[in-house]
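Asks: After the structure tokens below, expect a handful of questions from me.
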Amino acid sequence: MTDLTYERVVGHLARLKLTRLPDCLDGLAEEATKAKWTYVEFLDHLLTAEIAARTERDITMKTKLARFPFVKTLEQFDFAYQPSVDERQIKELATLRFVAQGENVLFLGPPGTGKTHLAIALGVRAISQGVSVSFVGLADLLDQLHRDAKEDRLTHRLQMLCRPRLLILDEMGYFPLDRLAAQFLFQLVSRRYLKASLLITSNKSYGDWGEVLADPVLASAILDRLLHHSTTVNIRGQSYRLREKKQAGVFHDLTAPGKEAEA
Ligand code: ADP
Ligand code: MG
């Protein structure tokens, strides 16, 4: 390749926005000579490098946009510690069929049992498959909705929350929702119904959602749509946070015999 040809190739790559290729062109050309790749094999390596770089960029961007409070993976989840979580069911969810079919997933259970961890892990998996994800804590959403209401931006918020293919609503039930929030949630659930998935975590069982959602009629209308095509994972077990504290010696097990005096 003459210098001129080389320059032209680099110019073409820039024009075609193949941004990864200029960096790996020399290395791959050398390897092609050594390994006696065919022309098509060489092209295959070049395009694979470009696509790998684009996928990585896409994942980084989508992860930023998702606004996870922390990043956890399914591999980091200790299923042995939480036997009420069926590993096979979580693996089935990790195939993301529920996202393809616009179905919902609900993780219910007491604090510290891994609901948010599992929700994020499924979000991370979804992003790796090119799915857009957004994570919203209910407490933050409540604050936001009141600001939006004042600024007449509720419709805009609704549109924004309808955009991601997978929307994670975390910690339903820690705070009671007022009428404004419950009505907003109803609209959100209705708009996304059968089109785009919701993944909700809650420390409350469905029976208690009437209280959480300010109005039993609205609660049943929300649950009706939410649960129609859905998977509920009920987690019963001990808090993992407590286990970490116990291991650090900060917390003494009050239920263990002979420990009362120490507590
Ligand atoms: P929840 O949302 O149910 O209150 P989290 O998912 O926030 O609980 O879990 C609390 C902490 O414990 C997180 O750091 C999470 O990664 C960790 N954790 C919970 N359960 C497990 C588990 N079974 N294996 C590994 N880490 C866990
Ligand atoms: Mg949580």
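We name chains A, B, ... following the order of the structure tokens; residues begin at 1 in each chain, and ligands are numbered from 1 as shown.
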Identify, on the basis of only C-alpha atoms, every residue whose closest approach to range 10-26 of chain A does not exceed 7 Å; exclude the query and any residue fewer than 4 positions from it along the same chain; express the result as a count of residues only.

Replies: 5

Asks: With only C-alpha atoms and all ligand atoms counted, collect every polymer residue having an atom within 7 Å of ligand 1; state the result as an MDAnalysis selection string.

Replies: chainID A and resid 72 76:79 81:82 109:118 239:241

Asks: Taking only C-alpha atoms into account, name the residue in A:Ala121, A:Leu223, A:Leu106, A:Leu65 that is nearest to Lys91 in chain A.

Replies: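 Result for the nearest residue to Lys91 in chain A: A:Ala121.
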
Asks: Go through range 159-223 of chain A and collect every residue that DSSP, computed from the backbone, puts in strand (DSSP E); the answer should be as a PyMOL selection string.

Replies: chain A and resi 166-172+197-202

Asks: For ligand 2, which of A:Asp215, A:Glu7, A:Glu244, A:Glu171 is the closest residue, counting only C-alpha atoms and all ligand atoms?

Replies: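 Using only C-alpha atoms and all ligand atoms, ligand 2 sits closest to A:Glu171.
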
Asks: For each of A:Ala182, A:Leu108, A:Ala214, A:Leu227, take the minimum atom-to-atom distance to ligand 2, counting only C-alpha atoms and all ligand atoms, then give the residue where this is smallest.

Replies: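 Closest residue, counting only C-alpha atoms and all ligand atoms: A:Leu108.
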
Asks: Go through range 121-222 of chain A and collect every residue that DSSP, computed from the backbone, puts in helix (DSSP H, G or I); the answer should be as number ranges by chain.

Replies: A: 121-128, 138-150, 154-162, 179-192, 206-212, 216-222

Asks: Just checking: using only C-alpha atoms and all ligand atoms, which residue out of A:Ile168, A:Val212, A:Leu158, A:Val9 ends up closest to ligand 2?

Replies: A:Ile168

Asks: Closest to Pro164 in chain A among A:Lys246, A:Arg179, A:His45, A:Lys62, using only C-alpha atoms?

Replies: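 Looking at the shortest contact to Pro164 in chain A, the residue is A:Lys62.
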
Asks: Hey, which of A:Ile120, A:Ala149, A:Ala94, A:Leu142 ends up closest to Tyr174 in chain A? Count only C-alpha atoms.

Replies: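 Closest residue, counting only C-alpha atoms: A:Leu142.
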
Asks: For Ser190 in chain A, work out the shell of residues within 12 Å, counting only C-alpha atoms and skipping chain neighbours fewer than 2 positions away, then give it as a PDB file with all heavy atoms, in the first residue's frame.

Replies:
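Dumped to result.pdb:
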ATOM      1  N   LEU A 158     -44.271  11.600  31.698  1.00  0.00           N
ATOM      2  CA  LEU A 158     -44.917  10.350  31.301  1.00  0.00           C
ATOM      3  C   LEU A 158     -44.317   9.847  29.983  1.00  0.00           C
ATOM      4  O   LEU A 158     -43.985   8.660  29.850  1.00  0.00           O
ATOM      5  CB  LEU A 158     -46.431  10.601  31.143  1.00  0.00           C
ATOM      6  CG  LEU A 158     -47.319   9.384  31.006  1.00  0.00           C
ATOM      7  CD1 LEU A 158     -47.223   8.485  32.228  1.00  0.00           C
ATOM      8  CD2 LEU A 158     -48.771   9.802  30.792  1.00  0.00           C
ATOM      9  N   CYS A 162     -42.086   6.411  29.290  1.00  0.00           N
ATOM     10  CA  CYS A 162     -42.624   5.394  28.387  1.00  0.00           C
ATOM     11  C   CYS A 162     -41.572   4.958  27.368  1.00  0.00           C
ATOM     12  O   CYS A 162     -41.741   3.969  26.684  1.00  0.00           O
ATOM     13  CB  CYS A 162     -43.858   5.924  27.659  1.00  0.00           C
ATOM     14  SG  CYS A 162     -45.288   5.929  28.730  1.00  0.00           S
ATOM     15  N   GLN A 183     -52.233   8.304  40.382  1.00  0.00           N
ATOM     16  CA  GLN A 183     -52.843   8.500  39.062  1.00  0.00           C
ATOM     17  C   GLN A 183     -51.783   8.475  37.960  1.00  0.00           C
ATOM     18  O   GLN A 183     -51.993   7.917  36.884  1.00  0.00           O
ATOM     19  CB  GLN A 183     -53.607   9.832  39.014  1.00  0.00           C
ATOM     20  CG  GLN A 183     -54.971   9.680  39.645  1.00  0.00           C
ATOM     21  CD  GLN A 183     -55.673  11.005  39.871  1.00  0.00           C
ATOM     22  OE1 GLN A 183     -55.098  12.062  39.693  1.00  0.00           O
ATOM     23  NE2 GLN A 183     -56.919  10.927  40.300  1.00  0.00           N
ATOM     24  N   PHE A 184     -50.640   9.039  38.277  1.00  0.00           N
ATOM     25  CA  PHE A 184     -49.529   9.026  37.317  1.00  0.00           C
ATOM     26  C   PHE A 184     -49.110   7.576  37.037  1.00  0.00           C
ATOM     27  O   PHE A 184     -48.904   7.179  35.896  1.00  0.00           O
ATOM     28  CB  PHE A 184     -48.347   9.834  37.864  1.00  0.00           C
ATOM     29  CG  PHE A 184     -47.205   9.934  36.902  1.00  0.00           C
ATOM     30  CD1 PHE A 184     -47.163  10.949  35.950  1.00  0.00           C
ATOM     31  CD2 PHE A 184     -46.167   9.009  36.937  1.00  0.00           C
ATOM     32  CE1 PHE A 184     -46.108  11.040  35.053  1.00  0.00           C
ATOM     33  CE2 PHE A 184     -45.115   9.085  36.038  1.00  0.00           C
ATOM     34  CZ  PHE A 184     -45.077  10.107  35.105  1.00  0.00           C
ATOM     35  N   LEU A 185     -48.999   6.814  38.116  1.00  0.00           N
ATOM     36  CA  LEU A 185     -48.595   5.411  37.976  1.00  0.00           C
ATOM     37  C   LEU A 185     -49.610   4.641  37.129  1.00  0.00           C
ATOM     38  O   LEU A 185     -49.235   3.814  36.286  1.00  0.00           O
ATOM     39  CB  LEU A 185     -48.455   4.780  39.370  1.00  0.00           C
ATOM     40  CG  LEU A 185     -47.812   3.409  39.390  1.00  0.00           C
ATOM     41  CD1 LEU A 185     -46.355   3.483  38.976  1.00  0.00           C
ATOM     42  CD2 LEU A 185     -47.917   2.792  40.786  1.00  0.00           C
ATOM     43  N   PHE A 186     -50.881   4.926  37.347  1.00  0.00           N
ATOM     44  CA  PHE A 186     -51.923   4.270  36.563  1.00  0.00           C
ATOM     45  C   PHE A 186     -51.731   4.562  35.063  1.00  0.00           C
ATOM     46  O   PHE A 186     -51.785   3.662  34.228  1.00  0.00           O
ATOM     47  CB  PHE A 186     -53.311   4.739  37.019  1.00  0.00           C
ATOM     48  CG  PHE A 186     -54.418   4.230  36.151  1.00  0.00           C
ATOM     49  CD1 PHE A 186     -54.799   2.894  36.210  1.00  0.00           C
ATOM     50  CD2 PHE A 186     -55.065   5.064  35.252  1.00  0.00           C
ATOM     51  CE1 PHE A 186     -55.807   2.405  35.392  1.00  0.00           C
ATOM     52  CE2 PHE A 186     -56.069   4.582  34.426  1.00  0.00           C
ATOM     53  CZ  PHE A 186     -56.436   3.256  34.500  1.00  0.00           C
ATOM     54  N   GLN A 187     -51.471   5.829  34.769  1.00  0.00           N
ATOM     55  CA  GLN A 187     -51.273   6.190  33.356  1.00  0.00           C
ATOM     56  C   GLN A 187     -50.031   5.533  32.783  1.00  0.00           C
ATOM     57  O   GLN A 187     -50.016   5.062  31.655  1.00  0.00           O
ATOM     58  CB  GLN A 187     -51.126   7.706  33.227  1.00  0.00           C
ATOM     59  CG  GLN A 187     -52.425   8.424  33.486  1.00  0.00           C
ATOM     60  CD  GLN A 187     -52.283   9.908  33.205  1.00  0.00           C
ATOM     61  OE1 GLN A 187     -51.732  10.292  32.193  1.00  0.00           O
ATOM     62  NE2 GLN A 187     -52.749  10.727  34.110  1.00  0.00           N
ATOM     63  N   LEU A 188     -48.981   5.495  33.608  1.00  0.00           N
ATOM     64  CA  LEU A 188     -47.725   4.890  33.162  1.00  0.00           C
ATOM     65  C   LEU A 188     -47.923   3.402  32.850  1.00  0.00           C
ATOM     66  O   LEU A 188     -47.516   2.908  31.796  1.00  0.00           O
ATOM     67  CB  LEU A 188     -46.665   5.077  34.272  1.00  0.00           C
ATOM     68  CG  LEU A 188     -45.264   4.589  33.972  1.00  0.00           C
ATOM     69  CD1 LEU A 188     -44.669   5.331  32.781  1.00  0.00           C
ATOM     70  CD2 LEU A 188     -44.363   4.782  35.201  1.00  0.00           C
ATOM     71  N   ARG A 192     -47.774   1.661  29.066  1.00  0.00           N
ATOM     72  CA  ARG A 192     -46.738   0.676  28.744  1.00  0.00           C
ATOM     73  C   ARG A 192     -47.326  -0.725  28.563  1.00  0.00           C
ATOM     74  O   ARG A 192     -46.632  -1.622  28.066  1.00  0.00           O
ATOM     75  CB  ARG A 192     -45.663   0.669  29.852  1.00  0.00           C
ATOM     76  CG  ARG A 192     -44.868   1.959  29.931  1.00  0.00           C
ATOM     77  CD  ARG A 192     -43.803   1.893  31.009  1.00  0.00           C
ATOM     78  NE  ARG A 192     -42.819   0.868  30.744  1.00  0.00           N
ATOM     79  CZ  ARG A 192     -41.655   1.074  30.122  1.00  0.00           C
ATOM     80  NH1 ARG A 192     -41.321   2.267  29.734  1.00  0.00           N
ATOM     81  NH2 ARG A 192     -40.829   0.073  29.899  1.00  0.00           N
ATOM     82  N   TYR A 193     -48.569  -0.896  28.955  1.00  0.00           N
ATOM     83  CA  TYR A 193     -49.226  -2.195  28.977  1.00  0.00           C
ATOM     84  C   TYR A 193     -49.048  -2.967  27.652  1.00  0.00           C
ATOM     85  O   TYR A 193     -49.402  -2.456  26.591  1.00  0.00           O
ATOM     86  CB  TYR A 193     -50.714  -1.974  29.278  1.00  0.00           C
ATOM     87  CG  TYR A 193     -51.553  -3.210  29.344  1.00  0.00           C
ATOM     88  CD1 TYR A 193     -51.279  -4.209  30.278  1.00  0.00           C
ATOM     89  CD2 TYR A 193     -52.626  -3.397  28.489  1.00  0.00           C
ATOM     90  CE1 TYR A 193     -52.059  -5.349  30.346  1.00  0.00           C
ATOM     91  CE2 TYR A 193     -53.420  -4.523  28.554  1.00  0.00           C
ATOM     92  CZ  TYR A 193     -53.121  -5.497  29.481  1.00  0.00           C
ATOM     93  OH  TYR A 193     -53.885  -6.626  29.546  1.00  0.00           O
ATOM     94  N   LEU A 194     -48.454  -4.138  27.765  1.00  0.00           N
ATOM     95  CA  LEU A 194     -48.211  -5.049  26.638  1.00  0.00           C
ATOM     96  C   LEU A 194     -47.232  -4.514  25.586  1.00  0.00           C
ATOM     97  O   LEU A 194     -46.999  -5.155  24.577  1.00  0.00           O
ATOM     98  CB  LEU A 194     -49.529  -5.432  25.935  1.00  0.00           C
ATOM     99  CG  LEU A 194     -50.523  -6.237  26.769  1.00  0.00           C
ATOM    100  CD1 LEU A 194     -51.742  -6.609  25.950  1.00  0.00           C
ATOM    101  CD2 LEU A 194     -49.880  -7.486  27.343  1.00  0.00           C
ATOM    102  N   LYS A 195     -46.691  -3.311  25.837  1.00  0.00           N
ATOM    103  CA  LYS A 195     -45.761  -2.751  24.862  1.00  0.00           C
ATOM    104  C   LYS A 195     -44.344  -2.788  25.391  1.00  0.00           C
ATOM    105  O   LYS A 195     -43.403  -3.149  24.697  1.00  0.00           O
ATOM    106  CB  LYS A 195     -46.139  -1.297  24.558  1.00  0.00           C
ATOM    107  CG  LYS A 195     -47.322  -1.184  23.641  1.00  0.00           C
ATOM    108  CD  LYS A 195     -47.428   0.240  23.122  1.00  0.00           C
ATOM    109  CE  LYS A 195     -48.861   0.718  23.137  1.00  0.00           C
ATOM    110  NZ  LYS A 195     -49.182   1.775  24.031  1.00  0.00           N
ATOM    111  N   ALA A 196     -44.183  -2.349  26.640  1.00  0.00           N
ATOM    112  CA  ALA A 196     -42.841  -2.241  27.202  1.00  0.00           C
ATOM    113  C   ALA A 196     -42.884  -2.667  28.665  1.00  0.00           C
ATOM    114  O   ALA A 196     -43.850  -2.376  29.380  1.00  0.00           O
ATOM    115  CB  ALA A 196     -42.355  -0.803  27.083  1.00  0.00           C
ATOM    116  N   SER A 197     -41.840  -3.365  29.081  1.00  0.00           N
ATOM    117  CA  SER A 197     -41.862  -4.019  30.392  1.00  0.00           C
ATOM    118  C   SER A 197     -41.597  -3.084  31.554  1.00  0.00           C
ATOM    119  O   SER A 197     -40.820  -2.139  31.454  1.00  0.00           O
ATOM    120  CB  SER A 197     -40.799  -5.117  30.428  1.00  0.00           C
ATOM    121  OG  SER A 197     -41.055  -6.048  29.428  1.00  0.00           O
ATOM    122  N   LEU A 198     -42.259  -3.418  32.661  1.00  0.00           N
ATOM    123  CA  LEU A 198     -41.959  -2.772  33.935  1.00  0.00           C
ATOM    124  C   LEU A 198     -41.375  -3.832  34.857  1.00  0.00           C
ATOM    125  O   LEU A 198     -41.843  -4.971  34.887  1.00  0.00           O
ATOM    126  CB  LEU A 198     -43.244  -2.263  34.572  1.00  0.00           C
ATOM    127  CG  LEU A 198     -43.748  -0.892  34.147  1.00  0.00           C
ATOM    128  CD1 LEU A 198     -45.187  -0.719  34.584  1.00  0.00           C
ATOM    129  CD2 LEU A 198     -42.878   0.189  34.786  1.00  0.00           C
ATOM    130  N   LEU A 218     -58.083   2.577  42.493  1.00  0.00           N
ATOM    131  CA  LEU A 218     -56.948   2.844  41.611  1.00  0.00           C
ATOM    132  C   LEU A 218     -55.926   1.709  41.727  1.00  0.00           C
ATOM    133  O   LEU A 218     -55.378   1.237  40.722  1.00  0.00           O
ATOM    134  CB  LEU A 218     -56.315   4.170  42.047  1.00  0.00           C
ATOM    135  CG  LEU A 218     -55.640   5.026  40.994  1.00  0.00           C
ATOM    136  CD1 LEU A 218     -56.507   5.179  39.769  1.00  0.00           C
ATOM    137  CD2 LEU A 218     -55.323   6.404  41.584  1.00  0.00           C
ATOM    138  N   ALA A 221     -57.027  -1.231  39.763  1.00  0.00           N
ATOM    139  CA  ALA A 221     -56.896  -0.983  38.314  1.00  0.00           C
ATOM    140  C   ALA A 221     -55.430  -1.093  37.892  1.00  0.00           C
ATOM    141  O   ALA A 221     -55.104  -1.641  36.831  1.00  0.00           O
ATOM    142  CB  ALA A 221     -57.442   0.399  37.972  1.00  0.00           C
ATOM    143  N   ILE A 222     -54.530  -0.585  38.734  1.00  0.00           N
ATOM    144  CA  ILE A 222     -53.087  -0.671  38.427  1.00  0.00           C
ATOM    145  C   ILE A 222     -52.639  -2.128  38.454  1.00  0.00           C
ATOM    146  O   ILE A 222     -52.005  -2.620  37.511  1.00  0.00           O
ATOM    147  CB  ILE A 222     -52.272   0.181  39.425  1.00  0.00           C
ATOM    148  CG1 ILE A 222     -52.538   1.674  39.194  1.00  0.00           C
ATOM    149  CG2 ILE A 222     -50.780  -0.128  39.319  1.00  0.00           C
ATOM    150  CD1 ILE A 222     -51.935   2.599  40.242  1.00  0.00           C
ATOM    151  N   LEU A 223     -53.019  -2.829  39.532  1.00  0.00           N
ATOM    152  CA  LEU A 223     -52.573  -4.225  39.671  1.00  0.00           C
ATOM    153  C   LEU A 223     -53.129  -5.097  38.548  1.00  0.00           C
ATOM    154  O   LEU A 223     -52.440  -5.991  38.049  1.00  0.00           O
ATOM    155  CB  LEU A 223     -53.019  -4.774  41.031  1.00  0.00           C
ATOM    156  CG  LEU A 223     -52.093  -4.405  42.198  1.00  0.00           C
ATOM    157  CD1 LEU A 223     -52.679  -4.861  43.519  1.00  0.00           C
ATOM    158  CD2 LEU A 223     -50.704  -5.023  42.002  1.00  0.00           C
ATOM    159  N   ASP A 224     -54.375  -4.813  38.142  1.00  0.00           N
ATOM    160  CA  ASP A 224     -55.016  -5.572  37.081  1.00  0.00           C
ATOM    161  C   ASP A 224     -54.155  -5.571  35.809  1.00  0.00           C
ATOM    162  O   ASP A 224     -53.866  -6.616  35.228  1.00  0.00           O
ATOM    163  CB  ASP A 224     -56.382  -4.926  36.816  1.00  0.00           C
ATOM    164  CG  ASP A 224     -57.217  -5.769  35.894  1.00  0.00           C
ATOM    165  OD1 ASP A 224     -57.323  -6.966  36.173  1.00  0.00           O
ATOM    166  OD2 ASP A 224     -57.735  -5.221  34.889  1.00  0.00           O
ATOM    167  N   ARG A 225     -53.713  -4.381  35.409  1.00  0.00           N
ATOM    168  CA  ARG A 225     -52.896  -4.271  34.194  1.00  0.00           C
ATOM    169  C   ARG A 225     -51.481  -4.791  34.420  1.00  0.00           C
ATOM    170  O   ARG A 225     -50.903  -5.455  33.575  1.00  0.00           O
ATOM    171  CB  ARG A 225     -52.824  -2.821  33.729  1.00  0.00           C
ATOM    172  CG  ARG A 225     -54.079  -2.359  33.052  1.00  0.00           C
ATOM    173  CD  ARG A 225     -54.162  -0.850  33.017  1.00  0.00           C
ATOM    174  NE  ARG A 225     -55.381  -0.369  32.401  1.00  0.00           N
ATOM    175  CZ  ARG A 225     -56.584  -0.425  32.963  1.00  0.00           C
ATOM    176  NH1 ARG A 225     -56.721  -0.971  34.177  1.00  0.00           N
ATOM    177  NH2 ARG A 225     -57.646   0.041  32.338  1.00  0.00           N
ATOM    178  N   LEU A 226     -50.967  -4.448  35.589  1.00  0.00           N
ATOM    179  CA  LEU A 226     -49.583  -4.803  35.910  1.00  0.00           C
ATOM    180  C   LEU A 226     -49.378  -6.321  35.922  1.00  0.00           C
ATOM    181  O   LEU A 226     -48.383  -6.837  35.420  1.00  0.00           O
ATOM    182  CB  LEU A 226     -49.267  -4.226  37.294  1.00  0.00           C
ATOM    183  CG  LEU A 226     -47.840  -3.926  37.653  1.00  0.00           C
ATOM    184  CD1 LEU A 226     -47.209  -3.008  36.643  1.00  0.00           C
ATOM    185  CD2 LEU A 226     -47.792  -3.287  39.045  1.00  0.00           C
ATOM    186  N   LEU A 227     -50.384  -7.023  36.485  1.00  0.00           N
ATOM    187  CA  LEU A 227     -50.191  -8.458  36.722  1.00  0.00           C
ATOM    188  C   LEU A 227     -50.715  -9.332  35.590  1.00  0.00           C
ATOM    189  O   LEU A 227     -50.470 -10.529  35.582  1.00  0.00           O
ATOM    190  CB  LEU A 227     -50.866  -8.870  38.047  1.00  0.00           C
ATOM    191  CG  LEU A 227     -50.374  -8.129  39.293  1.00  0.00           C
ATOM    192  CD1 LEU A 227     -51.016  -8.706  40.541  1.00  0.00           C
ATOM    193  CD2 LEU A 227     -48.849  -8.214  39.409  1.00  0.00           C
ATOM    194  N   HIS A 228     -51.424  -8.718  34.634  1.00  0.00           N
ATOM    195  CA  HIS A 228     -52.063  -9.515  33.595  1.00  0.00           C
ATOM    196  C   HIS A 228     -51.060 -10.416  32.877  1.00  0.00           C
ATOM    197  O   HIS A 228     -51.249 -11.619  32.755  1.00  0.00           O
ATOM    198  CB  HIS A 228     -52.790  -8.585  32.611  1.00  0.00           C
ATOM    199  CG  HIS A 228     -53.613  -9.343  31.613  1.00  0.00           C
ATOM    200  ND1 HIS A 228     -53.978  -8.823  30.414  1.00  0.00           N
ATOM    201  CD2 HIS A 228     -54.119 -10.595  31.651  1.00  0.00           C
ATOM    202  CE1 HIS A 228     -54.690  -9.728  29.746  1.00  0.00           C
ATOM    203  NE2 HIS A 228     -54.787 -10.811  30.479  1.00  0.00           N
TER     204      HIS A 228
END

Asks: By how many Å are CA of Glu151 in chain A and CA of Ser220 in chain A apart?

Replies: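 Taking CA of Glu151 in chain A and CA of Ser220 in chain A, their separation equals 29.4 Å.
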
Asks: Report, in Å with one decimal, the straight-line distance from CA of Glu56 in chain A to CA of Ser132 in chain A.

Replies: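 According to the coordinates, CA of Glu56 in chain A and CA of Ser132 in chain A are separated by 14.2 Å.
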
Asks: Near Ile90 in chain A, within 9 Å and counting only C-alpha atoms, which residues show up once chain neighbours fewer than 3 positions away are dropped, as a PyMOL selection string?

Replies: chain A and resi 74+85-87+93-95+118+122+233

Asks: Could you state the separation of CA of Leu141 in chain A and CA of Ser230 in chain A in Å, given to one decimal place?

Replies: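 About the pair CA of Leu141 in chain A and CA of Ser230 in chain A: they are 22.6 Å apart.
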
Asks: Please identify all polymer residues within 12 Å of Ala139 in chain A, counting only C-alpha atoms, omitting same-chain residues fewer than 3 positions from it, and present them as a list of chain:residue names.

Replies: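 Those residues are A:Val136, A:Leu142, A:Asp143, A:Gln144, A:Leu145, A:His146, A:Leu169, A:Asp170, A:Glu171, A:Met172, A:Gly173, A:Tyr174, A:Phe175, A:Pro176, A:Leu177, A:Asp178, A:Ala181.
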